[in-house]
Each structure stands twice: as C-alpha cells, then as structure tokens.
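> This structure is in structure tokens; I'll ask about it shortly.
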Amino acid sequence: MDITLIAAIVIAVALLAVGGFFLVRTQRRVKPGKEEPGAETTGAAGATAVEEDRDRDSGTVRTPPAHAPPETPAAPPAEPELETPPPSAGRMVRLRARLARSQSSFGQGLLNLLSSETLDDDAWEEIEDTLITADIGVTSASQIVENLRTRVKVLGTRGPDEVRALLREELLAQIRTDADRTVRTEPHGGRPAVIMVVGVNGTGKTTTTGKLARVLVGDGRSVVLGAADTFRAAATEQLQTWGSRVGAPVVRKEEGADPASVAFDAVSRGIDEGADTVIIDTAGRLHTKTGLMDELGKVKRVVEKKSQVDEVLLVLDATTGQNGLRQARVFGEVVNVTGIALTKLDGTAKGGIIVQVQRELGVPVKLVGLGEGPDDLAPFDPEVFVDAILG
C-alpha cells in the first residue's frame, strides 16, 4: 500500500517536471509583447531585387520623394515686337495697280462706248446707265453725259487719247480736286489733335482706326487710342492688338462702361503724355436709332469739355451704295462729319459713291481702304484714283 502511494507521487512529480521544462522553453522562444520576426531575406535574393530594379523601363512611374522641389514660376509672356509701318507718302500710288484691276471693267466700258463710231441717243443712254451703276448718282451721271455730249460735238473727232482726256476731266470735276483732303492730325495749342471715328455696324471702324494709327506712326507721330466701343468686348481687344503692334497705348474700360468717359480719359491721357494725336473708336450704331445717335452726340460734347474735336471721320462701306449715302446724311446732322473714310474699295466695290457723297454732303473723301492688309489704308488722291479707273 505504501509502495503504491510512493510510486504515484514519483510519477506525478516527474510529469510536473517535464511539463515545466517545456513551458520554460516555449516562453524563451516567444517573449510576451513581441511578434515573431518574418523570414530573413538572403543576400542572393537582395541582389536579385537590385538587378530587377536596374532593369526596369525608364518610363516606369516611380514614387516621388517626400519633399518635391518647388516649381519654377513660368516666365512672363514676351512683349510683341513693334512693327514699323510705311509712311503715308506714296501709299495711294502703291495701291494703284490693285484699284485699277478692280475698276477696269467700269473705266474700259466707258472708254469703249465713247470711242464707238456712232454716238446716238441709245449710246449716250448706255453711258449714263454705266455711270449710275457705278453709284455715281443720277444727278452727277446726267451732268457728266451732258458735258461730254457738248464737248464731243465741238471737237468732232474721238480718238482714244482724246476720249480718255475728256472723260478724265469730267470725272475729276465731279470728284472736286480743289477740296481740302488733309486729315488734321497735328497737335495745336499744347494739345493733341482729336479724331473721332464714327459709322454704322460692320463698316470697319475699329479696323480703320487701327490702320490710321499705323499711318500716323509711320509718319513719326505719337498716338493714343480710345476704345469707346464699350458694347463689344471684341472691339476693345481688336483695338488693343492694333495698338500693341505699333506701340500706341489704348485707353479702355470694362464692357458696358460709359463711352463718353472712355473718350474723355483718352484725351486726358493724350494731353498728359504730350501725344500728337488721339483717335477715338466709337461703337457702331444704326443711323435710324435716335437714342444711339444722341449718345454719339454726347460723346463728342464730353470730349469737347477737354479739347477740341479736330476731325470726325465717317467710315462708309463702298459696297453699300445708296444706303451709305443715307447713313452719311444722318451722321452729318448729329456730329458734323468733316471727312469720309471709304472702305472695301476693292473687288466689286463701286467707287462712284465718292462723287455722290461729296456732292450731297459737301464733305470730302479723305481716306480709302483698298484691302484687308494692315497698310491698305491711304490718303485719297483724286487724280491717282481716276487714272487707276481709266487704266
């Protein structure tokens, strides 16, 4: 009995000893609060990773560094290179060939009719119709035909040179070579000359303003431009482009601003900077809209509080014919037009409107535009114009 008890105790102690041994060993291998480290990477595997990294394509997207270098600020846009426009002298002569091509059918047709062997009533009527078709006007056409009939009867002969000379004299008489066509751009009394450019929508006022600035800069003048067409943001941007090309500052305001205030500020800046000429581009307006025409008169009155307005140039589209004449009448009543700038006098344009406008208004054509180029605006020369028509 005693032996059995002793054996049981010995076995229990042995089991406890074995269990304690294994428990201590396990605690040594995994300590509390620590994770078992992952599998160790061998040196060969590390080398392979480096080789793989070297073999990656150069276009592979890589993770950027934690602190990227600051971006370099973009350089400001370069100032546009200033252009040097040609002077006004000789511009009309340079454009003569283009005018001759566009008007040759008119001039040649008249010369052929006048040189025919028989000049009966039908022939004279056809000559008059040709003149009217060129927008010379009924009154002027009738007067030219009457004078030609009388002179042909007196001379008796009609050689090509004689016919051309006769027609040239009559056309020049209608265009009025004695008219003062000088555009007043000279400063006076310590103040710049002030020019207002007016007209209906689509005649090319802003373009004419920019081209006129080029003419004056080409002649050595300093110019300030006033963007008083505040109804169209595009007009202001367009004028800014014209001015930046030749170094002419542009006075402008936000869209919808009072046009009179823009014009006033432009004249003020011209006086402060000692400019030779201030050119004010006004908004296009229908000559039938009384309110808009009254506003144009307001612009002129406000400007005159600061300086005299030396020129009011009415821009007319040569292709508008009789409608252009009606426009001229209304503008002349509102702002006292002093000169005409006739645009689009190329292609199918009818230059006879020069005769008609001058006859009806007593206002001379001072500038003509013969194309879309920046230097296609020229002072009007009646003799060069008529010679170009007759070839």
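Letters for chains follow the order of the structure tokens (A, B, ...), residue numbers begin at 1 for each chain, and ligand numbers begin at 1 in the order shown.
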Write out as a PyMOL selection string the set of residues from range 114-311 of chain A that DSSP, computed on the backbone, places in strand (DSSP E).
chain A and resi 193-198+223-228+250-251+277-282+311
> Generate a file of the selected residues that holds N, CA and C atoms, formatted as an mmCIF file, in the first residue's frame.

```cif
data_model
loop_
_atom_site.group_PDB
_atom_site.id
_atom_site.type_symbol
_atom_site.label_atom_id
_atom_site.label_comp_id
_atom_site.auth_asym_id
_atom_site.auth_seq_id
_atom_site.Cartn_x
_atom_site.Cartn_y
_atom_site.Cartn_z
ATOM 1 N N ALA A 193 -4.178 116.622 -81.487
ATOM 2 C CA ALA A 193 -5.339 116.604 -82.382
ATOM 3 C C ALA A 193 -6.234 115.443 -81.972
ATOM 4 N N VAL A 194 -7.540 115.662 -82.012
ATOM 5 C CA VAL A 194 -8.501 114.636 -81.598
ATOM 6 C C VAL A 194 -9.349 114.240 -82.802
ATOM 7 N N ILE A 195 -9.378 112.926 -83.075
ATOM 8 C CA ILE A 195 -10.144 112.391 -84.202
ATOM 9 C C ILE A 195 -11.170 111.400 -83.673
ATOM 10 N N MET A 196 -12.426 111.582 -84.043
ATOM 11 C CA MET A 196 -13.475 110.616 -83.728
ATOM 12 C C MET A 196 -13.792 109.814 -84.981
ATOM 13 N N VAL A 197 -13.887 108.501 -84.828
ATOM 14 C CA VAL A 197 -14.227 107.616 -85.944
ATOM 15 C C VAL A 197 -15.631 107.076 -85.693
ATOM 16 N N VAL A 198 -16.561 107.366 -86.626
ATOM 17 C CA VAL A 198 -17.965 107.002 -86.437
ATOM 18 C C VAL A 198 -18.456 106.220 -87.651
ATOM 19 N N VAL A 223 0.703 108.423 -80.923
ATOM 20 C CA VAL A 223 -0.751 108.249 -80.978
ATOM 21 C C VAL A 223 -1.253 107.595 -79.692
ATOM 22 N N VAL A 224 -2.410 108.060 -79.213
ATOM 23 C CA VAL A 224 -3.150 107.403 -78.129
ATOM 24 C C VAL A 224 -4.506 106.994 -78.692
ATOM 25 N N LEU A 225 -4.913 105.746 -78.428
ATOM 26 C CA LEU A 225 -6.179 105.231 -78.928
ATOM 27 C C LEU A 225 -7.191 105.144 -77.795
ATOM 28 N N GLY A 226 -8.436 105.495 -78.088
ATOM 29 C CA GLY A 226 -9.513 105.395 -77.121
ATOM 30 C C GLY A 226 -10.530 104.364 -77.549
ATOM 31 N N ALA A 227 -10.698 103.301 -76.752
ATOM 32 C CA ALA A 227 -11.627 102.212 -77.087
ATOM 33 C C ALA A 227 -13.009 102.541 -76.529
ATOM 34 N N ALA A 228 -13.710 103.462 -77.194
ATOM 35 C CA ALA A 228 -15.021 103.909 -76.719
ATOM 36 C C ALA A 228 -16.157 103.026 -77.224
ATOM 37 N N VAL A 250 -3.573 102.185 -75.444
ATOM 38 C CA VAL A 250 -5.023 102.138 -75.624
ATOM 39 C C VAL A 250 -5.695 102.384 -74.277
ATOM 40 N N VAL A 251 -6.564 103.383 -74.238
ATOM 41 C CA VAL A 251 -7.352 103.654 -73.032
ATOM 42 C C VAL A 251 -8.656 102.868 -73.151
ATOM 43 N N THR A 277 -1.589 112.853 -81.503
ATOM 44 C CA THR A 277 -2.946 112.592 -81.973
ATOM 45 C C THR A 277 -3.647 111.598 -81.056
ATOM 46 N N VAL A 278 -4.924 111.844 -80.791
ATOM 47 C CA VAL A 278 -5.781 110.900 -80.081
ATOM 48 C C VAL A 278 -6.883 110.467 -81.046
ATOM 49 N N ILE A 279 -7.015 109.163 -81.232
ATOM 50 C CA ILE A 279 -8.053 108.627 -82.126
ATOM 51 C C ILE A 279 -9.049 107.849 -81.279
ATOM 52 N N ILE A 280 -10.321 108.205 -81.379
ATOM 53 C CA ILE A 280 -11.369 107.578 -80.571
ATOM 54 C C ILE A 280 -12.239 106.714 -81.464
ATOM 55 N N ASP A 281 -12.257 105.429 -81.153
ATOM 56 C CA ASP A 281 -13.099 104.471 -81.880
ATOM 57 C C ASP A 281 -14.445 104.372 -81.170
ATOM 58 N N THR A 282 -15.518 104.760 -81.838
ATOM 59 C CA THR A 282 -16.849 104.730 -81.224
ATOM 60 C C THR A 282 -17.603 103.473 -81.647
ATOM 61 N N GLU A 311 -11.334 116.283 -86.062
ATOM 62 C CA GLU A 311 -11.861 115.516 -87.194
ATOM 63 C C GLU A 311 -12.941 114.563 -86.709
#
```
> Check range 126-355 of chain A with DSSP on the backbone and list each residue it calls alpha helix (DSSP H), as a PyMOL selection string.
chain A and resi 126-133+138-155+160-175+205-218+233-246+259-272+290-303+322-335+353-355
> Between A:Pro85, A:Pro379, A:Gly371, A:Gly256, which one has atoms that come closest to Thr343 in chain A, using only C-alpha atoms?
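So, comparing all the options, the nearest one is A:Gly371.
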> Taking into account only C-alpha atoms, which residue in the set A:Ala173, A:Val335, A:Leu155, A:Ile3 is nearest to Glu383 in chain A?
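Checking each candidate against Glu383 in chain A, we get A:Ala173 as the closest.
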> Write out as number ranges by chain each polymer residue whose atoms come within 9 Å of Pro187 in chain A, counting only C-alpha atoms; drop sequence neighbours fewer than 3 positions from it.
A: 184, 190-194, 274-277
> Can you measure CA of Ile389 in chain A to CA of Asp317 in chain A for me? One decimal in Å is fine.
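Distance reported for this atom pair: 18.5 Å.
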> Please provide the set of residues having any atom within 10 Å of Ala283 in chain A, restricted to only C-alpha atoms, with same-chain residues fewer than 6 positions apart removed, written as JSON, numbers by chain.
{"A": [197, 198, 199, 200, 201, 205, 206, 227, 228, 229, 230, 231, 232, 235, 259, 292, 296]}
> Just the selected residues (N, CA, C and O atoms), exported as an mmCIF file, in the first residue's frame, please.

```
data_model
loop_
_atom_site.group_PDB
_atom_site.id
_atom_site.type_symbol
_atom_site.label_atom_id
_atom_site.label_comp_id
_atom_site.auth_asym_id
_atom_site.auth_seq_id
_atom_site.Cartn_x
_atom_site.Cartn_y
_atom_site.Cartn_z
ATOM 1 N N VAL A 197 -13.887 108.501 -84.828
ATOM 2 C CA VAL A 197 -14.227 107.616 -85.944
ATOM 3 C C VAL A 197 -15.631 107.076 -85.693
ATOM 4 O O VAL A 197 -15.885 106.434 -84.677
ATOM 5 N N VAL A 198 -16.561 107.366 -86.626
ATOM 6 C CA VAL A 198 -17.965 107.002 -86.437
ATOM 7 C C VAL A 198 -18.456 106.220 -87.651
ATOM 8 O O VAL A 198 -17.812 106.195 -88.704
ATOM 9 N N GLY A 199 -19.626 105.595 -87.494
ATOM 10 C CA GLY A 199 -20.219 104.842 -88.606
ATOM 11 C C GLY A 199 -21.163 103.771 -88.099
ATOM 12 O O GLY A 199 -21.263 103.538 -86.886
ATOM 13 N N VAL A 200 -21.844 103.114 -89.013
ATOM 14 C CA VAL A 200 -22.781 102.057 -88.645
ATOM 15 C C VAL A 200 -22.017 100.755 -88.419
ATOM 16 O O VAL A 200 -20.816 100.659 -88.680
ATOM 17 N N ASN A 201 -22.743 99.747 -87.928
ATOM 18 C CA ASN A 201 -22.124 98.444 -87.661
ATOM 19 C C ASN A 201 -21.590 97.815 -88.942
ATOM 20 O O ASN A 201 -22.238 97.864 -89.994
ATOM 21 N N LYS A 205 -14.988 100.307 -88.671
ATOM 22 C CA LYS A 205 -14.496 101.453 -87.896
ATOM 23 C C LYS A 205 -13.248 101.110 -87.090
ATOM 24 O O LYS A 205 -12.265 101.848 -87.116
ATOM 25 N N THR A 206 -13.300 100.002 -86.338
ATOM 26 C CA THR A 206 -12.166 99.645 -85.494
ATOM 27 C C THR A 206 -10.929 99.343 -86.339
ATOM 28 O O THR A 206 -9.817 99.766 -86.018
ATOM 29 N N ALA A 227 -10.698 103.301 -76.752
ATOM 30 C CA ALA A 227 -11.627 102.212 -77.087
ATOM 31 C C ALA A 227 -13.009 102.541 -76.529
ATOM 32 O O ALA A 227 -13.452 101.980 -75.526
ATOM 33 N N ALA A 228 -13.710 103.462 -77.194
ATOM 34 C CA ALA A 228 -15.021 103.909 -76.719
ATOM 35 C C ALA A 228 -16.157 103.026 -77.224
ATOM 36 O O ALA A 228 -17.320 103.340 -76.976
ATOM 37 N N ASP A 229 -15.822 101.949 -77.928
ATOM 38 C CA ASP A 229 -16.847 100.968 -78.305
ATOM 39 C C ASP A 229 -16.940 99.970 -77.157
ATOM 40 O O ASP A 229 -16.370 98.878 -77.207
ATOM 41 N N THR A 230 -17.662 100.353 -76.110
ATOM 42 C CA THR A 230 -17.744 99.518 -74.910
ATOM 43 C C THR A 230 -18.865 98.497 -74.978
ATOM 44 O O THR A 230 -19.080 97.749 -74.022
ATOM 45 N N PHE A 231 -19.591 98.462 -76.085
ATOM 46 C CA PHE A 231 -20.663 97.480 -76.230
ATOM 47 C C PHE A 231 -20.125 96.131 -76.685
ATOM 48 O O PHE A 231 -20.756 95.100 -76.487
ATOM 49 N N ARG A 232 -18.960 96.125 -77.312
ATOM 50 C CA ARG A 232 -18.379 94.880 -77.824
ATOM 51 C C ARG A 232 -16.989 94.701 -77.221
ATOM 52 O O ARG A 232 -16.090 95.481 -77.491
ATOM 53 N N ALA A 235 -14.281 94.391 -79.831
ATOM 54 C CA ALA A 235 -13.767 95.621 -80.440
ATOM 55 C C ALA A 235 -12.606 96.180 -79.625
ATOM 56 O O ALA A 235 -11.596 96.636 -80.182
ATOM 57 N N PRO A 259 -19.287 105.237 -72.820
ATOM 58 C CA PRO A 259 -18.341 105.554 -73.901
ATOM 59 C C PRO A 259 -17.767 106.964 -73.785
ATOM 60 O O PRO A 259 -16.599 107.195 -74.105
ATOM 61 N N LEU A 292 -29.320 106.015 -79.955
ATOM 62 C CA LEU A 292 -27.898 105.744 -80.147
ATOM 63 C C LEU A 292 -27.194 106.931 -80.795
ATOM 64 O O LEU A 292 -26.050 107.252 -80.456
ATOM 65 N N LEU A 296 -24.036 109.311 -79.358
ATOM 66 C CA LEU A 296 -22.830 109.686 -80.104
ATOM 67 C C LEU A 296 -22.582 111.184 -79.975
ATOM 68 O O LEU A 296 -21.439 111.631 -79.809
#
```
> Which residues of range 87-185 of chain A sit at most 9 Å from range 208-219 of chain A, using only C-alpha atoms? Give each one's shortest atom pair and distance in Å (one decimal place), in chain and ascending residue order, as a Markdown table.

```
| residue | atom | partner | partner_atom | distance |
| --- | --- | --- | --- | --- |
| A:Pro87 | CA | A:Gly218 | CA | 4.4 |
| A:Ser88 | CA | A:Val215 | CA | 5.7 |
| A:Ala89 | CA | A:Asp219 | CA | 8.5 |
| A:Thr185 | CA | A:Leu216 | CA | 8.1 |
```
